[in-house]
Amino acid sequence: MKKILVTGGAGFIGSHLCERLLNEGNEVICLDNYFTGSKKNIAHLLKNPYFEIVRHDITMPYFIEVDEIYNLACPASPIHYQLNPIKTIKTSVMGAINMLGLAKRIKAKILQASTSEVYGDPLVHPQTEDYWGNCNPIGSRSCYDEGKRCAESLFMNYHQQNDVQIKIARIFNTYGPNMRPDDGRVVSNFIVQSLKGEDITIYGDGKQTRSFQYIDDLVEGLIRLMNTKGSFIGPINIGNPNEFTMLELAESIIKITGSKSKIAYHPLPEDDPMQRKPDINLAKKILDNWEPKIQLNEGLKNTIEYFKENTES
Ligand code: NAD
Ligand code: UDP
């Protein structure tokens, strides 16, 4: 049995990760300040005596003895991370310093939840890990993008300078149950709007693309990455390469829900990337032939079921 700390464990991804790690027989400590996370996501895990929750903000140091740390704490939706941009940067940068300092001291392995946003509005397509990205360092997304880029740099430096065992996952757009109805990201927005029969809000002309990964595929990838034994150090893309326009996504959700919702066009937010698709060849190689198993239609059906049960119409 390993003792594992999951920061941001009450959030969308963190709650699924905590559940899977517990099911695999580990002891799990979920740390969260509940900025975007919710106790509802993890309440069902509390009956397990090997699960513990800690209210804490990772911008402050935290001490505990564990074998592994998954560092997920950080708001991920643009509307949430832009509410308090300074806090968002502090969470990524000071949070990384605090967690890396802890990992160094207790000799724990540590995994960083980085993001495809480090590629910004990419000029290379699909994105490979050796692409340095095209980010606006002072735009409205920079608190998130640059915070995550700095965190990657810190992870590499702690490895090179202090021999900390690090893993960096560049996570591409992920969706599934436990997303908040008011999360603001595209999949949850479109599902909630469809179920309520409201207009589907497409930002821009809807021709921008994203590649959507179902949560279970991501969790499998993160755990495999944490458990890699080889000498590879560096970021690895974890995402589903099937790429869709936002219009295609809207049409799929309307079809599955049988909704009468109409499409309504809104202005495209500043610096909104036009395309995004992971190259996952490195992930396949390093993560023992890992690849996404759940494609959009199946994943959307599961997620729509969740929202039907958890959203008032
Ligand atoms: P989320 O907002 O649901 O979860 C983030 C969690 O971190 C929440 O529970 C929140 O309360 C907590 N948190 C935020 N600031 C904190 C702080 N200062 N101290 C302690 N806890 C704090 O988002 P998510 O989608 O579950 O994302 C989890 C991680 O994965 C984030 O680091 C995000 O950047 C990364 N990521 C997510 C996606 C995605 O598509 N969901 C894509 C790329 C990267
Ligand atoms: N988007 C949209 N309507 C919405 C929410 C988002 O058209 O109600 C668009 C958004 O402009 C972006 C894409 O969907 O082009 C993905 O947005 P999201 O916030 O989910 O993720 P990110 O931009 O961080 O990849």
# chains A, B, ... in the order shown; residues from 1 in each chain; ligands from 1

$ select_by_dssp --residues "range 59-225 of chain A" --states "strand (DSSP E or B)" --output "ChimeraX atom specification"
/A:68-71,109-115,120,127,134,166-171,174-175,200-203,209-211,213-214

$ residues_near_ligand --ligand "ligand 1" --cutoff "6 Å" --atoms "only C-alpha atoms and all ligand atoms" --output "JSON, numbers by chain"
{"A": [8, 9, 10, 11, 12, 13, 14, 32, 33, 34, 35, 36, 37, 56, 57, 58, 59, 72, 73, 74, 75, 76, 91, 113, 114, 115, 171, 172, 173, 174]}

$ write_last_selection --atoms "C-alpha atoms" --output "CSV table (one decimal), in the first residue's frame"
chain,number,residue,atom,x,y,z
A,8,GLY,CA,-6.8,19.5,-6.0
A,9,GLY,CA,-8.3,16.1,-5.1
A,10,ALA,CA,-11.8,17.5,-4.8
A,11,GLY,CA,-11.9,18.8,-8.3
A,12,PHE,CA,-13.1,17.2,-11.5
A,13,ILE,CA,-9.9,15.2,-12.4
A,14,GLY,CA,-8.7,14.9,-8.8
A,32,ASP,CA,-8.0,21.1,-1.6
A,33,ASN,CA,-9.0,24.6,-0.8
A,34,TYR,CA,-12.4,24.1,-2.5
A,35,PHE,CA,-12.0,27.1,-4.8
A,36,THR,CA,-13.5,25.2,-7.7
A,37,GLY,CA,-13.7,21.7,-6.2
A,56,HIS,CA,-5.3,23.6,2.6
A,57,ASP,CA,-4.1,26.1,0.1
A,58,ILE,CA,-1.0,25.0,-1.7
A,59,THR,CA,0.4,28.5,-1.9
A,72,LEU,CA,-3.4,18.9,-9.6
A,73,ALA,CA,-4.4,22.0,-7.6
A,74,CYS,CA,-5.2,24.9,-9.9
A,75,PRO,CA,-8.5,26.2,-11.4
A,76,ALA,CA,-8.7,24.9,-15.0
A,91,THR,CA,-1.2,28.5,-7.2
A,113,ALA,CA,-0.7,18.3,-14.0
A,114,SER,CA,0.5,20.5,-16.8
A,115,THR,CA,-1.5,21.4,-19.8
A,171,ILE,CA,-3.1,17.2,-20.3
A,172,PHE,CA,-5.4,18.0,-23.3
A,173,ASN,CA,-9.0,19.0,-22.9
A,174,THR,CA,-10.7,16.4,-20.6

$ residues_around --residues "range 238-254 of chain A" --least-positions-apart "6" --cutoff "7 Å" --atoms "only C-alpha atoms" --output "list of chain:residue names"
A:Ala169, A:Arg170, A:Ile171, A:Phe172, A:Phe190, A:Ile191, A:Ser194, A:Gly206, A:Lys207, A:Gln208, A:Thr209, A:Arg210, A:Ser211, A:Phe212, A:Gln213, A:Leu218, A:Gly221, A:Lys277, A:Pro278, A:Asp279, A:Ile280, A:Ala283, A:Pro292

$ write_last_selection --atoms "N, CA and C atoms" --output "PDB file, in the first residue's frame"
ATOM      1  N   ALA A 169       2.794  15.718 -16.937  1.00  0.00           N
ATOM      2  CA  ALA A 169       1.747  15.340 -17.899  1.00  0.00           C
ATOM      3  C   ALA A 169       1.190  16.600 -18.537  1.00  0.00           C
ATOM      4  N   ARG A 170       1.290  16.708 -19.854  1.00  0.00           N
ATOM      5  CA  ARG A 170       0.612  17.820 -20.551  1.00  0.00           C
ATOM      6  C   ARG A 170      -0.770  17.332 -20.951  1.00  0.00           C
ATOM      7  N   ILE A 171      -1.742  17.705 -20.126  1.00  0.00           N
ATOM      8  CA  ILE A 171      -3.106  17.193 -20.285  1.00  0.00           C
ATOM      9  C   ILE A 171      -3.855  18.027 -21.327  1.00  0.00           C
ATOM     10  N   PHE A 172      -4.501  17.333 -22.271  1.00  0.00           N
ATOM     11  CA  PHE A 172      -5.356  18.014 -23.261  1.00  0.00           C
ATOM     12  C   PHE A 172      -6.812  17.963 -22.769  1.00  0.00           C
ATOM     13  N   PHE A 190     -22.230  23.158 -23.108  1.00  0.00           N
ATOM     14  CA  PHE A 190     -23.129  22.679 -24.176  1.00  0.00           C
ATOM     15  C   PHE A 190     -24.118  21.634 -23.638  1.00  0.00           C
ATOM     16  N   ILE A 191     -23.651  20.772 -22.742  1.00  0.00           N
ATOM     17  CA  ILE A 191     -24.559  19.736 -22.214  1.00  0.00           C
ATOM     18  C   ILE A 191     -25.653  20.381 -21.376  1.00  0.00           C
ATOM     19  N   SER A 194     -28.072  22.207 -23.607  1.00  0.00           N
ATOM     20  CA  SER A 194     -28.942  21.281 -24.351  1.00  0.00           C
ATOM     21  C   SER A 194     -30.025  20.701 -23.465  1.00  0.00           C
ATOM     22  N   GLY A 206     -17.085  28.954 -34.412  1.00  0.00           N
ATOM     23  CA  GLY A 206     -17.240  27.538 -34.069  1.00  0.00           C
ATOM     24  C   GLY A 206     -16.337  26.617 -34.868  1.00  0.00           C
ATOM     25  N   LYS A 207     -15.433  27.199 -35.683  1.00  0.00           N
ATOM     26  CA  LYS A 207     -14.555  26.346 -36.495  1.00  0.00           C
ATOM     27  C   LYS A 207     -13.252  26.021 -35.756  1.00  0.00           C
ATOM     28  N   GLN A 208     -13.035  26.666 -34.586  1.00  0.00           N
ATOM     29  CA  GLN A 208     -11.839  26.313 -33.813  1.00  0.00           C
ATOM     30  C   GLN A 208     -11.950  24.856 -33.348  1.00  0.00           C
ATOM     31  N   THR A 209     -10.825  24.197 -33.170  1.00  0.00           N
ATOM     32  CA  THR A 209     -10.876  22.774 -32.821  1.00  0.00           C
ATOM     33  C   THR A 209     -10.271  22.513 -31.435  1.00  0.00           C
ATOM     34  N   ARG A 210     -10.731  21.403 -30.857  1.00  0.00           N
ATOM     35  CA  ARG A 210     -10.142  20.843 -29.640  1.00  0.00           C
ATOM     36  C   ARG A 210     -10.208  19.324 -29.802  1.00  0.00           C
ATOM     37  N   SER A 211      -9.395  18.630 -29.018  1.00  0.00           N
ATOM     38  CA  SER A 211      -9.389  17.162 -29.032  1.00  0.00           C
ATOM     39  C   SER A 211      -9.788  16.726 -27.632  1.00  0.00           C
ATOM     40  N   PHE A 212     -10.938  16.081 -27.512  1.00  0.00           N
ATOM     41  CA  PHE A 212     -11.512  15.830 -26.196  1.00  0.00           C
ATOM     42  C   PHE A 212     -11.218  14.420 -25.700  1.00  0.00           C
ATOM     43  N   GLN A 213     -10.713  14.381 -24.474  1.00  0.00           N
ATOM     44  CA  GLN A 213     -10.344  13.107 -23.854  1.00  0.00           C
ATOM     45  C   GLN A 213     -11.302  12.793 -22.715  1.00  0.00           C
ATOM     46  N   LEU A 218      -7.636   9.570 -19.198  1.00  0.00           N
ATOM     47  CA  LEU A 218      -6.622  10.431 -18.585  1.00  0.00           C
ATOM     48  C   LEU A 218      -6.096   9.813 -17.289  1.00  0.00           C
ATOM     49  N   GLY A 221      -3.704   7.173 -17.904  1.00  0.00           N
ATOM     50  CA  GLY A 221      -2.429   7.733 -18.374  1.00  0.00           C
ATOM     51  C   GLY A 221      -1.618   8.334 -17.232  1.00  0.00           C
ATOM     52  N   LYS A 277      -4.460  19.600 -30.969  1.00  0.00           N
ATOM     53  CA  LYS A 277      -4.516  18.142 -31.148  1.00  0.00           C
ATOM     54  C   LYS A 277      -3.190  17.553 -30.682  1.00  0.00           C
ATOM     55  N   PRO A 278      -3.248  16.584 -29.771  1.00  0.00           N
ATOM     56  CA  PRO A 278      -1.980  16.041 -29.268  1.00  0.00           C
ATOM     57  C   PRO A 278      -1.359  15.025 -30.216  1.00  0.00           C
ATOM     58  N   ASP A 279      -0.040  15.059 -30.318  1.00  0.00           N
ATOM     59  CA  ASP A 279       0.696  13.932 -30.877  1.00  0.00           C
ATOM     60  C   ASP A 279       0.985  13.025 -29.685  1.00  0.00           C
ATOM     61  N   ILE A 280       0.496  11.774 -29.707  1.00  0.00           N
ATOM     62  CA  ILE A 280       0.649  10.928 -28.515  1.00  0.00           C
ATOM     63  C   ILE A 280       1.646   9.781 -28.731  1.00  0.00           C
ATOM     64  N   ALA A 283       3.716   9.263 -25.603  1.00  0.00           N
ATOM     65  CA  ALA A 283       2.925   8.622 -24.541  1.00  0.00           C
ATOM     66  C   ALA A 283       2.808   7.117 -24.800  1.00  0.00           C
ATOM     67  N   PRO A 292      -5.985   6.375 -25.751  1.00  0.00           N
ATOM     68  CA  PRO A 292      -7.367   6.566 -25.313  1.00  0.00           C
ATOM     69  C   PRO A 292      -8.268   5.454 -25.842  1.00  0.00           C
TER      70      PRO A 292
END

$ residues_near_ligand --ligand "ligand 2" --cutoff "8 Å" --atoms "only C-alpha atoms and all ligand atoms" --output "PyMOL selection string"
chain A and resi 76-79+117+172-173+184-187+189-190+200-204+206+208-210+246+266+268-269+272-274+276

$ write_last_selection --atoms "C-alpha atoms" --output "tab-separated table (two decimals), in the first residue's frame"
chain	number	residue	atom	x	y	z
A	76	ALA	CA	-8.65	24.94	-15.03
A	77	SER	CA	-11.59	26.74	-16.62
A	78	PRO	CA	-10.84	30.17	-18.14
A	79	ILE	CA	-13.74	31.86	-16.31
A	117	GLU	CA	-2.14	25.41	-22.89
A	172	PHE	CA	-5.36	18.01	-23.26
A	173	ASN	CA	-9.04	18.98	-22.90
A	184	GLY	CA	-17.73	27.32	-18.03
A	185	ARG	CA	-15.80	24.91	-20.23
A	186	VAL	CA	-17.29	23.95	-23.52
A	187	VAL	CA	-18.45	20.36	-22.91
A	189	ASN	CA	-21.72	24.37	-21.06
A	190	PHE	CA	-23.13	22.68	-24.18
A	200	ILE	CA	-25.90	26.70	-27.31
A	201	THR	CA	-23.26	29.43	-26.94
A	202	ILE	CA	-20.64	29.11	-29.64
A	203	TYR	CA	-17.75	31.54	-29.25
A	204	GLY	CA	-16.45	32.82	-32.59
A	206	GLY	CA	-17.24	27.54	-34.07
A	208	GLN	CA	-11.84	26.31	-33.81
A	209	THR	CA	-10.88	22.77	-32.82
A	210	ARG	CA	-10.14	20.84	-29.64
A	246	MET	CA	-16.93	23.38	-31.60
A	266	HIS	CA	-20.91	35.02	-29.24
A	268	LEU	CA	-14.44	34.72	-29.41
A	269	PRO	CA	-12.53	35.42	-26.17
A	272	ASP	CA	-8.55	31.63	-27.76
A	273	PRO	CA	-6.44	28.94	-29.52
A	274	MET	CA	-7.69	28.08	-33.03
A	276	ARG	CA	-5.37	21.80	-30.69

$ closest_residue --among "A:Pro235, A:Pro61, A:Pro126, A:Gly120" --to "Lys167 in chain A" --atoms "only C-alpha atoms"
A:Pro235

$ atom_distance --atom1 "CA of Pro49 in chain A" --atom2 "CA of Leu100 in chain A"
27.3 Å

$ atom_distance --atom1 "CA of Glu198 in chain A" --atom2 "CA of Tyr306 in chain A"
18.4 Å

$ residues_around --residues "range 110-112 of chain A" --least-positions-apart "2" --cutoff "6 Å" --atoms "only C-alpha atoms" --output "PyMOL selection string"
chain A and resi 68-71+114+166-168

$ write_last_selection --atoms "N, CA, C and O atoms" --output "JSON list (two decimals), in the first residue's frame"
[["chain", "number", "residue", "atom", "x", "y", "z"],
["A", 68, "GLU", "N", 4.08, 9.32, -2.94],
["A", 68, "GLU", "CA", 3.85, 9.97, -4.24],
["A", 68, "GLU", "C", 2.97, 11.21, -4.05],
["A", 68, "GLU", "O", 2.11, 11.23, -3.17],
["A", 69, "ILE", "N", 3.21, 12.20, -4.92],
["A", 69, "ILE", "CA", 2.37, 13.41, -4.92],
["A", 69, "ILE", "C", 1.87, 13.65, -6.35],
["A", 69, "ILE", "O", 2.68, 13.73, -7.29],
["A", 70, "TYR", "N", 0.57, 13.75, -6.51],
["A", 70, "TYR", "CA", -0.02, 14.20, -7.78],
["A", 70, "TYR", "C", -0.41, 15.67, -7.57],
["A", 70, "TYR", "O", -1.31, 15.95, -6.76],
["A", 71, "ASN", "N", 0.24, 16.59, -8.27],
["A", 71, "ASN", "CA", -0.04, 18.01, -8.05],
["A", 71, "ASN", "C", -1.04, 18.53, -9.08],
["A", 71, "ASN", "O", -0.67, 18.94, -10.17],
["A", 114, "SER", "N", 0.35, 19.40, -15.91],
["A", 114, "SER", "CA", 0.55, 20.53, -16.81],
["A", 114, "SER", "C", -0.55, 20.48, -17.87],
["A", 114, "SER", "O", -1.55, 19.75, -17.71],
["A", 166, "ILE", "N", 10.63, 13.42, -10.94],
["A", 166, "ILE", "CA", 9.48, 14.18, -11.43],
["A", 166, "ILE", "C", 8.82, 13.53, -12.65],
["A", 166, "ILE", "O", 9.47, 12.79, -13.41],
["A", 167, "LYS", "N", 7.55, 13.84, -12.83],
["A", 167, "LYS", "CA", 6.78, 13.44, -14.02],
["A", 167, "LYS", "C", 5.95, 14.65, -14.42],
["A", 167, "LYS", "O", 5.39, 15.32, -13.54],
["A", 168, "ILE", "N", 5.89, 14.91, -15.72],
["A", 168, "ILE", "CA", 5.08, 16.05, -16.19],
["A", 168, "ILE", "C", 4.09, 15.57, -17.24],
["A", 168, "ILE", "O", 4.49, 15.08, -18.30]]

$ residues_around --residues "Tyr144 in chain A" --least-positions-apart "5" --cutoff "7 Å" --atoms "only C-alpha atoms" --output "VMD selection string"
chain A and resid 81 88 to 89

$ write_last_selection --atoms "N, CA, C and O atoms" --output "mmCIF file, in the first residue's frame"
data_model
loop_
_atom_site.group_PDB
_atom_site.id
_atom_site.type_symbol
_atom_site.label_atom_id
_atom_site.label_comp_id
_atom_site.auth_asym_id
_atom_site.auth_seq_id
_atom_site.Cartn_x
_atom_site.Cartn_y
_atom_site.Cartn_z
ATOM 1 N N TYR A 81 -10.072 30.659 -13.722
ATOM 2 C CA TYR A 81 -8.694 31.087 -13.484
ATOM 3 C C TYR A 81 -8.505 32.569 -13.771
ATOM 4 O O TYR A 81 -7.549 33.183 -13.303
ATOM 5 N N THR A 88 -4.083 32.686 -9.404
ATOM 6 C CA THR A 88 -3.863 31.544 -10.302
ATOM 7 C C THR A 88 -2.360 31.310 -10.511
ATOM 8 O O THR A 88 -1.874 30.176 -10.428
ATOM 9 N N ILE A 89 -1.622 32.395 -10.745
ATOM 10 C CA ILE A 89 -0.167 32.242 -10.925
ATOM 11 C C ILE A 89 0.462 31.741 -9.637
ATOM 12 O O ILE A 89 1.321 30.853 -9.653
#

$ closest_residue --among "A:Asp205, A:Asp67, A:Glu298, A:Glu270" --to "Asn227 in chain A" --atoms "only C-alpha atoms"
A:Asp67

$ residues_around --residues "range 133-143 of chain A" --least-positions-apart "2" --cutoff "6 Å" --atoms "only C-alpha atoms" --output "ChimeraX atom specification"
/A:85,89,119-122,131,145-147

$ residues_around --residues "Asp288 in chain A" --least-positions-apart "6" --cutoff "10 Å" --atoms "only C-alpha atoms" --output "MDAnalysis selection string"
chainID A and resid 221 224:225 228

$ write_last_selection --atoms "N, CA, C and O atoms" --output "short mmCIF file (atom, residue, chain, number, x, y, z; two decimals), in the first residue's frame"
data_model
loop_
_atom_site.label_atom_id
_atom_site.label_comp_id
_atom_site.auth_asym_id
_atom_site.auth_seq_id
_atom_site.Cartn_x
_atom_site.Cartn_y
_atom_site.Cartn_z
N GLY A 221 -3.70 7.17 -17.90
CA GLY A 221 -2.43 7.73 -18.37
C GLY A 221 -1.62 8.33 -17.23
O GLY A 221 -0.40 8.15 -17.16
N ARG A 224 -0.15 5.51 -15.07
CA ARG A 224 0.97 4.86 -15.79
C ARG A 224 2.20 5.76 -15.77
O ARG A 224 3.32 5.29 -15.62
N LEU A 225 1.98 7.06 -15.96
CA LEU A 225 3.12 7.99 -15.98
C LEU A 225 3.82 8.00 -14.62
O LEU A 225 5.05 7.93 -14.54
N THR A 228 6.10 4.98 -14.28
CA THR A 228 7.16 4.68 -15.26
C THR A 228 8.49 4.51 -14.52
O THR A 228 8.80 5.23 -13.59
#

$ closest_residue --among "A:Leu195, A:Met1, A:Ile215, A:Trp290" --to "Ile236 in chain A" --atoms "only C-alpha atoms"
A:Trp290

$ closest_residue --among "A:Ser231, A:Ser259, A:Thr303, A:Ser116" --to "Ile286 in chain A" --atoms "only C-alpha atoms"
A:Ser231

$ select_by_dssp --residues "range 106-193 of chain A" --states "alpha helix (DSSP H)" --output "PyMOL selection string"
chain A and resi 106+142-162+186-193
